[in-house]
Amino acid sequence: MRRFLVAAIVTLAASLAQAAEPSGFVELLIQAPHQVAPIEGAVWYPSQADGTITQFAENPVFQGVTVRKGARVAPGRHPIVLLSHGLGGNFRTLSWLAVGLAQRGAVVVAVNHPGSTTKDLEMMRSMHHWTRVQDLQAALALLMTDPRFLSNLDPARIYAAGFSFGGWTALSMAGLTGDATAYASHCDATGAKSTHCADLARANFDLHSLNAESWNRSYKDRRIQAVAAIDPALHYGLNAVNVRDLVPNVLLIGLGTGADRLLATNFSSTGSNFAALVPAAKVVTIAPASHFTALLACKTAGASILADEKDDPVCTDPVGTEREAVHGKIVDAIAQEFGLD
């Protein structure tokens with residue numbers, strides 16, 4: 001297994017990414033028959049030097065990213081990256097990653113997954129994990145018929161990436177299958193030690209009520225050539241059968257070590273052992289860092305604002321963490337796995 005322990009220092013690649021031209025950016029409204037309403041989405045892409053330079057995703061907690069809104073697509077055929085956010089997140093929280101990959105030559109499309117996004121979160125709906133793959137497929141279908149992008153896409157180079165629950169979505173799209181009974185047993189045994197199991201228990205959701213047929217079915221999209229999963233979720237209890245149809249090009253990125261590593265997404269833990277099921281995967285561990293280091297960089301007042309709201313400590317990184325440097329490491333690792341410029 002290809003393993004690297006990555007120190008959180010500012011690399012040349014990260015510095016160059018920060019200095020690069022802003023990516024192009026447009027928002028989408030995606031019609032999807034499997035959802036009751038249109039899905040919100042966005043595309044980041046290599047752009048020409050036009051459009052309107054603006055800050056996107058900035059708020060009192062998070063620093064935004066600079067984009068060229070409405071810019072024309074840069075000439076050439078660009079690979080496509082389908083990007084999936086985590087449980088309770090949204091496409092804004094990973095905009096740093098979308099911008100970074102677009103600056104490396106990719107057209108990145110992301111959506112707000114209904115039922116598991118920031119302003120639309122229902123535990124029961126969120127556990128219908130297969131709808132997330134369908135969300136991204138609907139976004140891809142729209143992208144590939146959009147006259148603004150059509151002549152600049154490389155349909156032979158389509159990749160999937162995601163964070164946390166979105167990491168599972170990306171892996172599912174790349175051929176990983178689930179085991180509903182095994183995951184329920186994991187939560188029975190682990191309880192509140194797993195943040196996801198604890199969230200489900202607080203919502204009074206009985207994992208044993210899951211539709212195993214739907215949960216365990218393959219949702220592989222054979223257009224996906226490689227996959228990158230940052231701290232992916234839901235992998236506990238899997239075995240060799242679940243990975244037999246997974247694409248060979250797999251990148252697993254783990255955030256933090258020891259007590260800083262989130263149990264629910266620790267693919268190297270003895271309880272999960274998921275990394276061992278895919279020995280050909282490239283495994284990158286970044287430390288110091290923690291799970292929420294993968295979100296946008298925080299403003300100075302971000303941590304205190306979230307503390308007042310009794311929200312998750314998403315702005316509180318382990319001592320010595322440089323969040324922007326970690327982001328640069330992640331962009332670089334994914335760009336390398338996907339063969340981006």
# chains A, B, ... in the order shown; residues from 1 in each chain; ligands from 1
$ residues_around --residues "Gln137 in chain A" --least-positions-apart "5" --cutoff "10 Å" --atoms "only C-alpha atoms" --output "PyMOL selection string"
chain A and resi 32+82+131-132+142-143+173+221
$ select_by_dssp --residues "range 9-248 of chain A" --states "helix (DSSP H, G or I)" --output "JSON, numbers by chain"
{"A": [12, 13, 14, 15, 16, 17, 18, 19, 95, 96, 97, 98, 99, 100, 101, 102, 103, 123, 124, 125, 126, 130, 131, 132, 133, 134, 135, 136, 137, 138, 139, 140, 141, 142, 143, 150, 151, 152, 165, 166, 167, 168, 169, 170, 171, 172, 173, 180, 181, 182, 183, 184, 185, 186, 187, 188, 189, 190, 191, 192, 193, 195, 196, 197, 198, 199, 200, 201, 202, 207, 208, 209, 212, 213, 214, 215, 216, 240, 241, 242, 243]}
$ atom_distance --atom1 "CA of Ser194 in chain A" --atom2 "CA of Ala264 in chain A"
5.0 Å
$ residues_around --residues "Ala74 in chain A" --least-positions-apart "4" --cutoff "9 Å" --atoms "only C-alpha atoms" --output "list in words"
Gly24, Tyr45, Pro46, Ser47, Gln48, Ala49, His78 and Asn152 of chain A
$ closest_residue --among "A:Leu101, A:Leu238, A:Ala20, A:Val314" --to "Gly271 in chain A" --atoms "only C-alpha atoms"
A:Leu238
$ residues_around --residues "range 330-333 of chain A" --least-positions-apart "4" --cutoff "7 Å" --atoms "only C-alpha atoms" --output "PyMOL selection string"
chain A and resi 13+97+100-101+326+337
$ write_last_selection --atoms "N, CA and C atoms" --output "PDB file, in the first residue's frame"
ATOM      1  N   ALA A  13       3.648  23.686  -4.158  1.00  0.00           N
ATOM      2  CA  ALA A  13       2.395  23.485  -4.878  1.00  0.00           C
ATOM      3  C   ALA A  13       1.279  24.309  -4.273  1.00  0.00           C
ATOM      4  N   LEU A  97     -11.539  23.455  -2.400  1.00  0.00           N
ATOM      5  CA  LEU A  97     -11.075  22.295  -3.157  1.00  0.00           C
ATOM      6  C   LEU A  97     -11.484  22.406  -4.621  1.00  0.00           C
ATOM      7  N   GLY A 100      -9.221  24.909  -6.223  1.00  0.00           N
ATOM      8  CA  GLY A 100      -7.885  24.356  -6.390  1.00  0.00           C
ATOM      9  C   GLY A 100      -7.783  23.386  -7.545  1.00  0.00           C
ATOM     10  N   LEU A 101      -8.781  22.516  -7.705  1.00  0.00           N
ATOM     11  CA  LEU A 101      -8.761  21.553  -8.805  1.00  0.00           C
ATOM     12  C   LEU A 101      -9.020  22.236 -10.141  1.00  0.00           C
ATOM     13  N   VAL A 326      -2.870  22.484   4.739  1.00  0.00           N
ATOM     14  CA  VAL A 326      -3.524  21.183   4.609  1.00  0.00           C
ATOM     15  C   VAL A 326      -4.344  21.140   3.323  1.00  0.00           C
ATOM     16  N   GLU A 337      -3.406  12.253  -8.354  1.00  0.00           N
ATOM     17  CA  GLU A 337      -4.142  10.996  -8.587  1.00  0.00           C
ATOM     18  C   GLU A 337      -4.953  11.064  -9.876  1.00  0.00           C
TER      19      GLU A 337
END
